[in-house]
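Novice: Provided herewith is a single structure, encoded as structure tokens, for subsequent inquiry.
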Amino acid sequence: MRALLLRDLRLAIRAGGGFGLGLAFFLILATLVPLGVGPQPDRLAPIAPGILWLGALLACLLSLDRLFALDAEDGSLDLIATAPLPLEAVCTTKALAHWITTGLPLTLAAPALSLLLFLPVQALPWLTLSLLIGTPALSWIGTFGAALTVGLKRGSLLLSLLVLPLYIPTLVFGAEITRRGAEGLSTATPLALLGAITLGSIAALPFAAAAALRINLR
Amino acid sequence: MRALLLRDLRLAIRAGGGFGLGLAFFLILATLVPLGVGPQPDRLAPIAPGILWLGALLACLLSLDRLFALDAEDGSLDLIATAPLPLEAVCTTKALAHWITTGLPLTLAAPALSLLLFLPVQALPWLTLSLLIGTPALSWIGTFGAALTVGLKRGSLLLSLLVLPLYIPTLVFGAEITRRGAEGLSTATPLALLGAITLGSIAALPFAAAAALRINLR
Amino acid sequence: MSIWEYANPRRFMAWTAKVQPWAWGIAAALCGPGLIWGFFFTPEDFRMGHSVKIIYIHVPSAFIAINAWFMMLVTSLIWLIRRHHVSALAARAAAPIGLVMTVVALLTGAIWGKPMWGTYWEWDPRLTSFLILGLFYLGYIALWEAIEDPDQAADLTAILCLVGTVFAVMSRYAAQFWSQGLHQGASLSLDAEENVADVFWFPLVVTLAGFVALFIALVLMRTRTEIRRRRLHAISLKARLA
Amino acid sequence: METTLPLTVQGLGCRRGQSLVLRDVSFSVTPGHALILRGPNGAGKTTLLRTLAGLTPSQGGTISLPFDAIAYGAHADGLKLQLTVRENLSFWASAFGSGTSGVEQATATFDLAPLLDRRAADLSAGQRRRAGLARMVLTDRPVWLLDEPTVSLDTQRVDAFAATMRAHLAAGGIALLATHIDLGLDAKTLDIAQFAAATRAPTDPVTDPFAEAVE
Amino acid sequence: METTLPLTVQGLGCRRGQSLVLRDVSFSVTPGHALILRGPNGAGKTTLLRTLAGLTPSQGGTISLPFDAIAYGAHADGLKLQLTVRENLSFWASAFGSGTSGVEQATATFDLAPLLDRRAADLSAGQRRRAGLARMVLTDRPVWLLDEPTVSLDTQRVDAFAATMRAHLAAGGIALLATHIDLGLDAKTLDIAQFAAATRAPTDPVTDPFAEAVE
Amino acid sequence: MTWLGQYAFDILLAYGLSLLLIVGLIARSVMVSRAMRRKLEDAGE
Ligand code: HEM
Ligand SMILES: Nc1ncnc2c1ncn2[C@@H]1O[C@H](COP(=O)(O)OP(=O)(O)OP(=O)(O)O)[C@@H](O)[C@H]1O
Ligand SMILES: Nc1ncnc2c1ncn2[C@@H]1O[C@H](COP(=O)(O)OP(=O)(O)OP(=O)(O)O)[C@@H](O)[C@H]1O
Ligand SMILES: [Mg+2]
Ligand SMILES: [Mg+2]
């Protein structure tokens with residue numbers, strides 16, 4: 001397992017910047033939104049939590065499509081499936097690697113970028129906290145979606161069609177935590193719900209993903 | 001050329017729905033933004049033009065990464081490059097196929113989706129017009145970006161990093177046309193500029209894309 | 001004989017051939033009079049005026065849209081556990097019906113919203129979770145279409161249906177959490193106090209039953225079509241590979 | 001890596017995609033022996049190997065050995081092009097638990113030492129194939145299933161591969177090789193064509209209820 | 001498809017990635033003849049063929065024929081897996097302007113008729129290879145460059161391929177084949193190893209301005 | 001249509017679109033069903 005994790009991380013770095021690129025996409029989105037929407041702070045500030053969370057979501061999504069596809073194309077997926085690694089553990093590792101290369105850097109960078117969108121300062125810790133708790137759910141859900149679509153070439157749009165609706169609860173609670181944090185309201189309930197989603201995803205989805213992979217390998 | 005166009009369209013349909021899926025992504029985005037940002041019409045209406053244009057942009061982007069990558073992986077790009085088709089024409093055809101499968105359906109669907117974001121009704125024709133004029137630029141610019149990154153596995157995030165900044169002028173003018181249309185102002189200047197960008201992209205970028213392809217094939 | 005015998009394609013074709021006309025008949029017998037009664041012979045509501053007539057399409061279609069998904073969930077589970085092909089095909093057959101019903105409920109709601117709330121669309125939690133349900137239908141149908149091997153497609157879509165159900169329910173609560181809505185509470189509940197007046201309620205129940213019959217008839221017919229498609233597929237495989 | 005059991009296959013049905021390709025496949029290989037699968041293109045060699053490796057579910061029949069006694073080498077090499085040969089090999093070594101000693105042994109066997117620090121993308125076709133074959137040594141499993149292992153190898157490397165095979169067999173291993181060319185191995189051959197499923201659709205009513213008329 | 005000119009290569013340098021693999025490659029093939037490239041794995045056969053096909057720029061030297069006299073068949077087949085064999089072939093036929101008659105001819109040559117309506121994804125390795133080779137017939141170009149064309153082909157198909165080659169040569173064509181196994185063709189062989197660039201870095205000051213000391 | 005009151009347009013639009021969609025679904029199902037049966041008969045059953 002550790003070997004697979006290290007291999008995936010190494011590939012992410014080697015192939016032109018796993019870490020940097022998720023971030024860069026996030027940065028560009030934070031820049032494009034004011035350009036598309038208009039630069040007024042009073043227009044940007046209220047939408048900042050939602051946009052930042054949306055950016056995290058899309059940055060995750062964009063790097064999902066090749067999670068298993070690359071391994072399937074060069075035949076390593078077949079070989080991994082015959083190696084003495086349970087597929088559930090493979091899926092968990094893949095999701096973890098995905099989170100380390102996208103979710104984690106996004107979480108660390110979000111406070112800096114949120115300034116571009118005039119997010120109130122008191123919301124920053126809540127933004128970071130919500131991303132920290134919520135992004136693992138995005139990675140695990142995404143791994144499930146990637147496992148479903150691994151057999152299909154050009155599956156990336158189908159993948160987003162399948163995965164984005166699954167992202168909705170995470171997005172709603174994540175943005176809600178940040179918004180409440182910005183307004184100084186209590187964040188306990190959405191935090192608990194977001195945590196529950198993440199824990200549930202981590203516990204259950206690897207099994208669904210492994211089942212989907214087995215079916216796709218047939 | 002016609003053969004290549006037909007092949008690409010056929011592949012887009014065969015591989016699980018080129019047409020529908022770009023649209024579906026657009027629809028999902030129009031749904032997610034209110035979920036992230038909040039349901040208030042007075043918050044959504046002003047940002048609607050920007051968000052719709054951003055959605056078009058991201059929907060284009062998401063389908064770009066495999067424009068040449070699939071052909072490179074299975075070796076057909078090498079073979080196409082040695083066939084008696086000028087690479088410039090190949091790039092033009094690829095861009096056209098991409099526009100037909102994403103830009104065109106987006107343009108047609110945008111008015112319906114704009115209702116979800118409370119875009120004022122008088123802005124609808126302007127939204128459609130700006131998308132009709134602007135989306136070809138997105139496809140042609142995207143083809144150039146795809147040609148630049150074709151050699152790289154996991155190039156899709158790098159691709160977005162390269163392409164999104166190039167999309168900025170199109171986005172700014174497109175959103176501006178729609179916003180002015182919504183407010184009943186004159187749209188002549190941004191329309192002219194957007195048209196110029198599209199014409200320029202169609203005229204010049206295939207050459208840049210072909211040059212990039214040649215270098216990547218080495 | 002076990003009840004599962006009816007899920008054998010051949011037996012299924014046999015008994016549905018007999019049941020199907022009845023389903024259509026009942027659907028017509030209930031929908032027609034129900035809608036006519038609702039449209040022509042109900043009084044004005046004191047708040048909503050005649051616009052209350054939209055309820056006779058709106059509520060049944062919303063009801064079917066939700067329950068079609070649950071039917072798909074059940075048949076998917078049957079497929080995953082007992083491997084009855086017809087069960088998977090029934091899930092596939094139901095999905096487009098659910099999608100159309102979702103669209104109808106959304107459209108009628110949107111049109112009704114204009115006179116009632118002054119806007120076609122409002123990000124009300126009930127409405128939002130319905131839109132999300134539509135997205136789940138879309139994804140489910142797209143996955144079926146994208147995979148060629150029917151058994152593989154059945155397996156993958158069944159898994160998607162299971163996971164999707166959990167997330168659709170969570171979305172529903174998330175949406176409620178995220179905004180307080182304008183939409184009606186449950187007025188068809190047994191709790192008499194909230195119920196709409198009887199004049200509106202009787203034709204509504206008739207059309208509701210009619211829509212259920214229509215749904216059953218449609219599912220039977222479409223499942224039969226899917227079975228024939230599979231049979232054709234088996235024949236062509238044989239011919240192609242002989 | 002030891003097995004005292006023979007690999008015995010009884011009445012196996014193999015399916016690929018939606019068609020039954022082979023039926024009633026039966027053979028047995030005792031430890032220390034190799035079996036060479038022959039058959040024209042499309043006969044079903046790859047299909048049989050994938051079924052034995054547990055990637056495709058079998059359609060009836062029995063396989064005497066558990067899947068995790070089996071190492072499978074496919075048409076594709078499963079190399080990550082972005083990683084060096086060393087990184088590729090160490091990954092498989094830790095996946096199969098054979099550690100650095102395994103990597104060293106595999107490197108020596110396939111003469112990979114000068115290539116260890118090159119990216120797999122910068123190898124020629126034959127060099128990649130060698131790196132792919134080295135994985136088999138790493139697995140430390142008694143039964144090797146190899147699908148056209150010598151594709152792209154030059155004559156000298158084919159001999160080296162044959163020597164490796166002999167060493168594997170001498171250590172009590174079993175090998176099944178699908179190939180179209182002569183490997184210079186002293187082994188029995190099995191013609192796959194004899195098992196061809198007469199009609200190619202899975203028409204067995206037990207497995208496909210749509211095999212019979214539905215109305 | 002006719003050339004009366006021989007393919008003459010003079011002092012060609014071939015590079016792959018950043019290293020010079022071959023230098024001073026010189027040979028000549030007259031119409032009606034084939035040349036078989038031999039050399040151990042990694043000698044540079046693929047590199048030479050790619051340079052001749054115009055995919056990689058050459059490092060000095062001359063090639064007598066223009067690139068568009070040349071049809072290149074690589075290690076990979078360039079089939080679109082989602083499309084049927086027929087759709088794949090017709091695409092290449094219209095790209096090379098040889099129309100439906102070309103498709104029919106190619107189908108007949110490689111015995112593809114029963115596979116025409118199958119998706120390329122549902123073919124076995126050898127069947128894919130045949131579909132890939134059929135493309136060469138479609139191109140209607142006089143010079144064929146083939147990189148290990150018979151990989152995965154069974155013995156009977158190798159013979160059929162050799163017959164096709166002979167027909168191509170009889171019609172005045174030229175062929176360069178890189179291969180490790182005997183194709184049963186009556187052709188000269190050229191050992192590529194003799195051209196190996198002694199030092200593998202491009203140190204020629206003309207091409208690399210940093211080859212000399214900078215201070 | 002005056003008896004439908006001020007909401008006549010909305011009501012008719014709602015009924016019209018919905019019936020269009022539902023009848024369309026039914027018609028499509030029937031057509032596909034017929035086509036499939038015919039194809040199966042052509043295939044020899
Ligand atoms: C796009 C907009 C709308 C959607 C998606 C929608 C959806 C729904 C749903 C899902 C139900 C519950 C059906 C069931 O549980 O069986 C329902 C019931 C109902 N809706 Fe809507 N609705 C929309 C707009 C409206 C509007 C604008 C009105 C009127 C002002 C309205 C009035 C009602 C009424 C009276 C019921 C029956 C309440 C009940 O018995 O549960 N709806 N709608
Ligand atoms: N996905 C698929 N669906 C249906 N049939 C398939 C599929 N993949 C392969 N086949 C068919 O199954 C048969 C067996 O293929 P297989 O790959 O096992 O042959 P093989 O003996 O390995 O041939 P080769 O020597 O060419 O590699 C072939 O006729 C092939 O066309
Ligand atoms: N991208 C690259 N960068 C640097 N060196 C490379 C690159 N690709 C290949 N090489 C090296 O160039 C040499 C020539 O490779 P080439 O593929 O031409 O060999 P080949 O004769 O075709 O061998 P084979 O018989 O194995 O196919 C090899 O030593 C290879 O390692
Ligand atoms: Mg094979
Ligand atoms: Mg080579």
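Chain labels follow the order of the structure tokens: the first chain is A, the next B, and so on; residue numbering restarts at 1 in every chain, and ligands are counted from 1 in their shown order.
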Counting only C-alpha atoms, what is within 10 Å of range 182-186 of chain A, bar same-chain residues fewer than 6 positions away, as number ranges by chain?
Specialist: A: 45-46, 49, 119-127, 176
Novice: Would you save the residues of that selection, restricted to all heavy atoms, as a CSV table (one decimal), in the first residue's frame?
Specialist:
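For reference, result.csv as written:
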```
chain,number,residue,atom,x,y,z
A,45,ALA,N,-17.8,39.7,-2.0
A,45,ALA,CA,-17.7,39.2,-0.7
A,45,ALA,C,-18.8,38.1,-0.4
A,45,ALA,O,-18.5,37.0,0.1
A,45,ALA,CB,-17.8,40.3,0.3
A,46,PRO,N,-20.1,38.4,-0.7
A,46,PRO,CA,-21.1,37.4,-0.3
A,46,PRO,C,-20.9,36.1,-1.1
A,46,PRO,O,-21.3,35.0,-0.6
A,46,PRO,CB,-22.4,38.0,-0.6
A,46,PRO,CG,-22.1,39.3,-1.3
A,46,PRO,CD,-20.7,39.6,-1.2
A,49,PRO,N,-17.5,32.6,-0.3
A,49,PRO,CA,-17.4,31.2,0.2
A,49,PRO,C,-17.8,30.2,-0.8
A,49,PRO,O,-17.1,29.2,-1.0
A,49,PRO,CB,-18.4,31.2,1.4
A,49,PRO,CG,-18.6,32.6,1.8
A,49,PRO,CD,-18.4,33.4,0.5
A,119,LEU,N,-13.1,37.8,0.9
A,119,LEU,CA,-13.8,37.1,2.0
A,119,LEU,C,-13.4,37.7,3.3
A,119,LEU,O,-12.2,38.1,3.6
A,119,LEU,CB,-13.3,35.6,2.0
A,119,LEU,CG,-14.0,34.7,3.0
A,119,LEU,CD1,-15.4,34.3,2.4
A,119,LEU,CD2,-13.2,33.4,3.2
A,120,PRO,N,-14.4,38.0,4.2
A,120,PRO,CA,-14.0,38.6,5.5
A,120,PRO,C,-13.0,37.8,6.3
A,120,PRO,O,-13.0,36.6,6.3
A,120,PRO,CB,-15.3,38.6,6.3
A,120,PRO,CG,-16.4,38.4,5.3
A,120,PRO,CD,-15.8,37.7,4.1
A,121,VAL,N,-12.1,38.5,7.0
A,121,VAL,CA,-11.0,37.8,7.6
A,121,VAL,C,-11.4,36.8,8.7
A,121,VAL,O,-10.9,35.7,8.8
A,121,VAL,CB,-10.0,38.8,8.3
A,121,VAL,CG1,-8.8,38.1,8.8
A,121,VAL,CG2,-9.6,39.8,7.2
A,122,GLN,N,-12.5,37.1,9.4
A,122,GLN,CA,-12.9,36.2,10.4
A,122,GLN,C,-13.4,34.8,9.9
A,122,GLN,O,-13.6,33.9,10.6
A,122,GLN,CB,-14.0,36.8,11.4
A,122,GLN,CG,-15.4,36.9,10.8
A,122,GLN,CD,-15.6,38.3,10.2
A,122,GLN,OE1,-14.6,38.9,9.7
A,122,GLN,NE2,-16.8,38.7,10.1
A,123,ALA,N,-13.7,34.8,8.6
A,123,ALA,CA,-14.1,33.5,8.0
A,123,ALA,C,-13.0,32.6,7.6
A,123,ALA,O,-13.2,31.4,7.3
A,123,ALA,CB,-15.0,33.8,6.7
A,124,LEU,N,-11.7,33.2,7.6
A,124,LEU,CA,-10.6,32.4,7.1
A,124,LEU,C,-10.4,31.0,7.8
A,124,LEU,O,-10.3,30.0,7.2
A,124,LEU,CB,-9.3,33.2,7.2
A,124,LEU,CG,-9.2,34.3,6.2
A,124,LEU,CD1,-7.8,34.8,6.1
A,124,LEU,CD2,-9.6,33.8,4.8
A,125,PRO,N,-10.4,31.1,9.2
A,125,PRO,CA,-10.2,29.8,9.8
A,125,PRO,C,-11.3,28.8,9.5
A,125,PRO,O,-11.1,27.6,9.3
A,125,PRO,CB,-10.2,30.1,11.3
A,125,PRO,CG,-10.6,31.5,11.4
A,125,PRO,CD,-10.4,32.2,10.1
A,126,TRP,N,-12.5,29.3,9.3
A,126,TRP,CA,-13.7,28.4,9.0
A,126,TRP,C,-13.5,27.8,7.6
A,126,TRP,O,-13.8,26.7,7.4
A,126,TRP,CB,-15.0,29.1,9.2
A,126,TRP,CG,-15.2,29.5,10.6
A,126,TRP,CD1,-15.3,30.8,11.1
A,126,TRP,CD2,-15.4,28.6,11.7
A,126,TRP,NE1,-15.5,30.7,12.4
A,126,TRP,CE2,-15.6,29.4,12.8
A,126,TRP,CE3,-15.5,27.2,11.8
A,126,TRP,CZ2,-15.8,28.9,14.1
A,126,TRP,CZ3,-15.7,26.7,13.1
A,126,TRP,CH2,-15.9,27.5,14.2
A,127,LEU,N,-13.0,28.7,6.7
A,127,LEU,CA,-12.8,28.2,5.3
A,127,LEU,C,-11.8,27.0,5.4
A,127,LEU,O,-12.0,26.0,4.8
A,127,LEU,CB,-12.3,29.3,4.5
A,127,LEU,CG,-11.9,28.9,3.0
A,127,LEU,CD1,-13.1,28.5,2.2
A,127,LEU,CD2,-11.2,30.1,2.3
A,176,GLU,N,-21.6,26.5,3.6
A,176,GLU,CA,-22.5,27.0,4.7
A,176,GLU,C,-21.6,27.3,5.9
A,176,GLU,O,-21.8,28.3,6.6
A,176,GLU,CB,-23.5,26.0,5.0
A,176,GLU,CG,-24.6,26.4,5.9
A,176,GLU,CD,-25.5,27.5,5.3
A,176,GLU,OE1,-25.6,27.6,4.1
A,176,GLU,OE2,-26.0,28.3,6.1
```
Novice: Set out as CSV a contact list for chain A and chain C with a cut-off of 10 Å, giving each residue of chain A that qualifies its closest atom pair and distance in Å to one decimal, counting only C-alpha atoms, ordered by chain and rising residue number.
Specialist:
```
residue,atom,partner,partner_atom,distance
A:Ile141,CA,C:Val163,CA,9.7
A:Phe144,CA,C:Leu160,CA,9.3
A:Gly145,CA,C:Leu160,CA,8.8
A:Ala147,CA,C:Leu156,CA,9.7
A:Leu148,CA,C:Leu156,CA,6.6
A:Thr149,CA,C:Leu143,CA,8.3
A:Gly151,CA,C:Ile147,CA,8.5
A:Leu152,CA,C:Ala146,CA,7.6
A:Lys153,CA,C:Ala146,CA,9.9
A:Gly155,CA,C:Ala146,CA,8.8
A:Leu158,CA,C:Ala142,CA,7.3
A:Leu159,CA,C:Gly139,CA,8.9
A:Ser160,CA,C:Gly139,CA,9.2
A:Leu161,CA,C:Gly139,CA,5.7
A:Leu162,CA,C:Gly139,CA,5.2
A:Val163,CA,C:Gly139,CA,8.7
A:Leu164,CA,C:Leu135,CA,9.1
A:Pro165,CA,C:Leu135,CA,6.6
A:Leu166,CA,C:Phe167,CA,5.8
A:Tyr167,CA,C:Phe167,CA,8.4
A:Ile168,CA,C:Ser171,CA,6.3
A:Pro169,CA,C:Ser171,CA,5.0
A:Thr170,CA,C:Ala174,CA,8.6
A:Leu171,CA,C:Ala174,CA,9.2
A:Val172,CA,C:Ala174,CA,6.3
A:Phe173,CA,C:Ala174,CA,6.9
A:Ala175,CA,C:Trp178,CA,9.6
A:Glu176,CA,C:Trp178,CA,7.3
A:Thr189,CA,C:Phe177,CA,9.7
A:Pro190,CA,C:Phe177,CA,8.6
A:Leu193,CA,C:Ala174,CA,9.0
A:Leu194,CA,C:Ala174,CA,10.0
A:Ile197,CA,C:Met170,CA,8.8
A:Ala204,CA,C:Val163,CA,9.5
A:Leu205,CA,C:Val163,CA,8.3
A:Ala208,CA,C:Ile159,CA,6.9
A:Ala209,CA,C:Ile159,CA,9.0
A:Ala211,CA,C:Ile159,CA,8.3
A:Ala212,CA,C:Leu156,CA,6.1
A:Leu213,CA,C:Leu156,CA,9.3
A:Ile215,CA,C:Gln152,CA,6.4
A:Asn216,CA,C:Gln152,CA,7.2
A:Leu217,CA,C:Gln152,CA,9.9
A:Arg218,CA,C:Gln152,CA,8.5
```
Novice: Between chain B and chain A, at 6 Å or less, what are the per-residue closest atom pairs and their distances in Å? Count only C-alpha atoms, order by chain and rising residue number, and return it as a Markdown table.
Specialist:
```
| residue | atom | partner | partner_atom | distance |
| --- | --- | --- | --- | --- |
| B:Leu21 | CA | A:Leu157 | CA | 5.8 |
| B:Leu35 | CA | A:Val172 | CA | 5.8 |
| B:Gly36 | CA | A:Gly50 | CA | 3.9 |
| B:Val37 | CA | A:Gly50 | CA | 4.4 |
| B:Ile47 | CA | A:Val37 | CA | 5.1 |
| B:Gly50 | CA | A:Gly36 | CA | 4.0 |
| B:Leu157 | CA | A:Leu21 | CA | 5.6 |
| B:Leu161 | CA | A:Phe25 | CA | 6.0 |
| B:Val172 | CA | A:Gly36 | CA | 5.8 |
| B:Ala175 | CA | A:Gly36 | CA | 5.8 |
```
Novice: Write to file, as a short mmCIF file (atom, residue, chain, number, x, y, z; two decimals), in the first residue's frame, the residues of the selection just made, with N, CA, C and O atoms.
Specialist:
```
data_model
loop_
_atom_site.label_atom_id
_atom_site.label_comp_id
_atom_site.auth_asym_id
_atom_site.auth_seq_id
_atom_site.Cartn_x
_atom_site.Cartn_y
_atom_site.Cartn_z
N LEU B 21 -23.06 15.53 -23.03
CA LEU B 21 -22.35 15.64 -21.77
C LEU B 21 -21.83 17.03 -21.50
O LEU B 21 -21.83 17.48 -20.35
N LEU B 35 -26.19 26.64 -5.07
CA LEU B 35 -26.00 25.85 -3.87
C LEU B 35 -24.79 26.33 -3.09
O LEU B 35 -24.77 26.30 -1.86
N GLY B 36 -23.78 26.79 -3.80
CA GLY B 36 -22.61 27.28 -3.10
C GLY B 36 -22.80 28.69 -2.61
O GLY B 36 -22.36 29.06 -1.52
N VAL B 37 -23.48 29.50 -3.41
CA VAL B 37 -23.50 30.94 -3.18
C VAL B 37 -24.69 31.37 -2.32
O VAL B 37 -24.63 32.37 -1.62
N ILE B 47 -24.56 38.24 -10.79
CA ILE B 47 -23.41 37.44 -11.19
C ILE B 47 -23.75 36.47 -12.31
O ILE B 47 -22.86 35.78 -12.83
N GLY B 50 -21.62 36.49 -15.70
CA GLY B 50 -20.27 35.99 -15.48
C GLY B 50 -20.24 34.50 -15.26
O GLY B 50 -19.43 33.77 -15.83
N LEU B 157 -4.35 19.21 -16.11
CA LEU B 157 -4.30 20.40 -15.25
C LEU B 157 -3.36 21.44 -15.82
O LEU B 157 -3.63 22.65 -15.79
N LEU B 161 -4.11 25.34 -16.88
CA LEU B 161 -3.26 26.45 -16.47
C LEU B 161 -2.85 27.30 -17.67
O LEU B 161 -2.79 28.53 -17.60
N VAL B 172 -14.13 38.11 -20.62
CA VAL B 172 -14.45 39.48 -20.21
C VAL B 172 -15.45 40.11 -21.18
O VAL B 172 -16.49 40.64 -20.77
N ALA B 175 -18.97 38.21 -21.12
CA ALA B 175 -19.78 38.54 -19.96
C ALA B 175 -20.25 39.98 -20.02
O ALA B 175 -21.38 40.31 -19.65
#
```
Novice: If the cut-off is 10 Å, can you tell me the residues of chain E near chain D, counting only C-alpha atoms? I'd like them as number ranges by chain.
Specialist: E: 16-18, 38-47, 75, 121-130, 147-148, 150-157, 179-181
Novice: Between C:Lys53, C:Arg10, C:Arg222, C:Arg83, which has the minimum distance to chain D (counting only C-alpha atoms)?
Specialist: C:Arg10
Novice: Per DSSP on the backbone, filter range 149-195 of chain E down to the residues in helix (DSSP H, G or I) and report them as a PyMOL selection string.
Specialist: chain E and resi 155-170+192-195
Novice: Rounded to one decimal, what separation in Å do you get between CA of Met221 in chain C and CA of Val30 in chain F?
Specialist: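 Going from CA of Met221 in chain C over to CA of Val30 in chain F covers 7.7 Å.
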Novice: Please identify the strand (DSSP E or B) residues within range 42-156 of chain E (assignment by DSSP from backbone atoms) and present them as a ChimeraX atom specification.
Specialist: /E:62-63,70-73,84,119,143-147
Novice: Could you please determine the separation between CA of Leu79 in chain A and CA of Gly78 in chain D in Å, to one decimal place?
Specialist: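 Taking CA of Leu79 in chain A and CA of Gly78 in chain D, their separation equals 7.0 Å.
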Novice: Would you list which chain E residues are within 7 Å of chain B using only C-alpha atoms, as a list in words?
Specialist: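 Therefore, the residues near the partner are Ala53, Leu55, Thr56, Asp68, Ala76, Asp77, Gly78, Leu79, Gln82, Phe91, Ser94, Ala95 and Phe96 of chain E.
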Novice: Considering only C-alpha atoms, extract the chain C residues located within 10 Å of chain D and return them as a PyMOL selection string.
Specialist: chain C and resi 8-14+17+84-86+148-152+224+227-242
